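Below is one structure, written out as structure tokens; the observations come after it.
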Amino acid sequence: MAGRAGLTNPLVALHGFGDSGECLGPFLRRLGAPDAHTPDLLAHGGRAMPPGLPFSHETLVHDALAAVRSVAERSGRAVVLMGHSLGASTAVGVTAAAPGLVSALVLEDPPWQVPVHPDGDSDADRRAEQVNDHRPWLEGLQS
């Protein structure tokens with residue numbers, strides 16, 4: 001994480017599905033990350049999912065982008081962005097949306113799946129995200 005002239009870039013680490021930012025603490029302490037931030041994704045770690053918002057890739061990216069932007073602005077440097085599982089796919093979305101905020105991208109166990117739609121329906125993934133059953137399960141974790 002060393003940057004030019006001995007500066008270090010802050011690390012933002014995004015957790016996986018059903019976890020929280022807190023679960024990354026032991027790993028980051030062993031890594032010796034001096035400036036690590038582990039925000040909780042929406043509907044995780046005690047954060048409620050705002051009513052009316054779909055639990056979707058776009059929603060998670062938009063929310064995580066705000067956290068990454070905040071860390072980058074406070075430090076004056078682009079962040080090293082790390083993501084595990086759901087956090088990995090979210091980190092990729094953040095990097096694609098604002099590449100200037102990210103100096104390096106680290107993905108651990110990204111959930112890449114390339115769906116095949118025999119009918120050629122390009123909107124099928126978006127509709128599936130909007131009607132998935134993850135939201136009630138995640139809300140149950142919060143109680």
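Letters A, B, ... mark the chains of the structure tokens in the order given; residue numbers begin at 1 per chain; ligand numbers begin at 1, in order shown.
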Spatial neighbours of His84 in chain A, 9 Å, only C-alpha atoms, chain gap at least 2 places, as a count of residues only: 17
Contacts of range 98-102 of chain A within 9 Å, only C-alpha atoms, excl. fewer than 5 positions in-chain, as a ChimeraX atom specification: /A:65,68-69,72-73,77-81,93
Point-to-point distance in Å for CA of Glu139 in chain A and CA of Pro26 in chain A: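 Result for CA of Pro26 in chain A versus CA of Glu139 in chain A: 25.5 Å, one decimal.
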For Asp35 in chain A, the nearest of the candidates A:Ala104, A:Val92, A:Ala66, A:Leu11, counting only C-alpha atoms: A:Leu11
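The gap separating CA of Gly25 in chain A from CA of Pro54 in chain A is 28.4 Å, in Å to one decimal.
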12 Å contact set for Pro50 in chain A, only C-alpha atoms, chain neighbours under 3 positions out, as a list in words: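 Returned residues: Leu42, Ala43, His44, Arg47, Leu53, Pro54, Phe55, Thr59, Leu60, Asp63, Arg135 and Glu139 of chain A.
The spacing separating CA of Thr95 in chain A from CA of Gly46 in chain A amounts to 25.2 Å.
Compared by their closest atoms to Gly45 in chain A, and using only C-alpha atoms, the residues A:Leu28, A:Asn9, A:Ser103, A:Leu138 rank with A:Leu138 nearest.
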Backbone DSSP call of helix (DSSP H, G or I) for range 11-133 of chain A, listed as a ChimeraX atom specification: /A:21-31,57-75,86-97,99-101,124-130
Residue nearest Val61 in chain A among A:Thr8, A:Gly18, A:Arg29, A:Gly83 (counting only C-alpha atoms): A:Gly83
